[in-house]
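Asker: Attaching a single structure in structure tokens format; questions to follow.
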Amino acid sequence: MEIGVHTGAFSSRILRIVQPQVLHCVDPWKYEDSDIYKAACYGGQVTDGQAGMDKRYLAVCARFDHAIRAGQVEIHRGYSRDVLAEFPDDFFDWVYIDGNHLYEYVRKDLALCFKKVKLGGYITGDDYTDGGWWQGGVKKAVDECIQARAVAVVLLRNGQFVLRKTG
Ligand SMILES: C[S@@+](CC[C@H](N)C(=O)[O-])C[C@H]1O[C@@H](n2cnc3c(N)ncnc32)[C@H](O)[C@@H]1O
């Protein structure tokens with residue numbers, strides 16, 4: 001599962017390189033107009049508001065049309081917390097978290113993903129860095145997850161994090 005799809009650029013690379021049986025792509029494509037999101041690609045950076053997000057969603061559906069028909073891609077338009085809740089526990093081989101970067105959201109994504117990923121599976125994601133408009137929220141949440149949960153750190157590099165569920 002990829003949480004946070006945007007235009008599908010990374011989803012495309014996942015499909016090409018990882019060749020998953022099924023890739024679940026999750027994004028609400030919802031324009032956020034509050035001040036805290038003014039530097040986000042789903043907030044102030046969007047010039048045409050919700051209409052732009054709707055176009056982005058349709059473009060992603062078109063981009064992966066072939067893979068969707070083949071059953072290799074499933075697009076879920078919704079918030080990660082709601083979409084993840086629809087899946088059984090211990091279901092995913094891996095998840096890539098790149099959705100809402102604010103601390104509280106990442107903390108909840110990590111907690112839910114920990115439940116939904118299989119033992120030995122991977123909880124991974126982007127923007128494990130200090131700063132950013134999200135004020136280091138990803139790093140803080142990931143560091144807490146490493147301390148609190150049964151995970152092994154596989155890699156923390158170039159803003160990427162890869163954890164393996166060990167218990
Ligand atoms: C940084 S972009 C994702 C980029 C994409 N992973 C890539 O590398 O090409 C962040 C995306 O997260 C989405 N998003 C925001 N809140 C979300 C949430 N609660 N659940 C899932 N996705 C969310 C936004 O709509 C936006 O498209």
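To be explicit about the labels: the chains of the structure tokens are called A, B, and onward in the order shown, and within each one the residues are counted from 1, while ligands get numbers from 1 in the order they are shown.
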Dump the neighbourhood of ligand 1 as a list in words: all residues within 7 Å, distances computed on only C-alpha atoms and all ligand atoms.

Answerer: Glu2, Ile3, Gly4, Val5, His6, Thr7, Gly8, Ala9, Phe10, Ser11, Val26, Asp27, Pro28, Trp29, Lys30, Cys41, Tyr42, Gly78, Tyr79, Ser80, Arg81, Asp98, Gly99, Asn100 and Tyr105 of chain A

Asker: So that I can check the secondary structure, give me every residue of region 31-166 of chain A assigned strand (DSSP E) by backbone DSSP, as a ChimeraX atom specification.

Answerer: /A:73-77,92-97,117-125,151-157,160-165

Asker: In Å, rounded to a single decimal, give me how far CA of Arg16 (chain A) is from CA of His66 (chain A).

Answerer: 13.5 Å

Asker: So which residues touch region 61-65 of chain A within 9 Å, counting only C-alpha atoms, skipping near sequence neighbours fewer than 4 positions away, as a PyMOL selection string?

Answerer: chain A and resi 7-8+12+56-57+69-70+73+75

Asker: How many Å separate CA of Gly71 (chain A) from CA of Val22 (chain A)?

Answerer: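 Distance reported for this atom pair: 6.9 Å.
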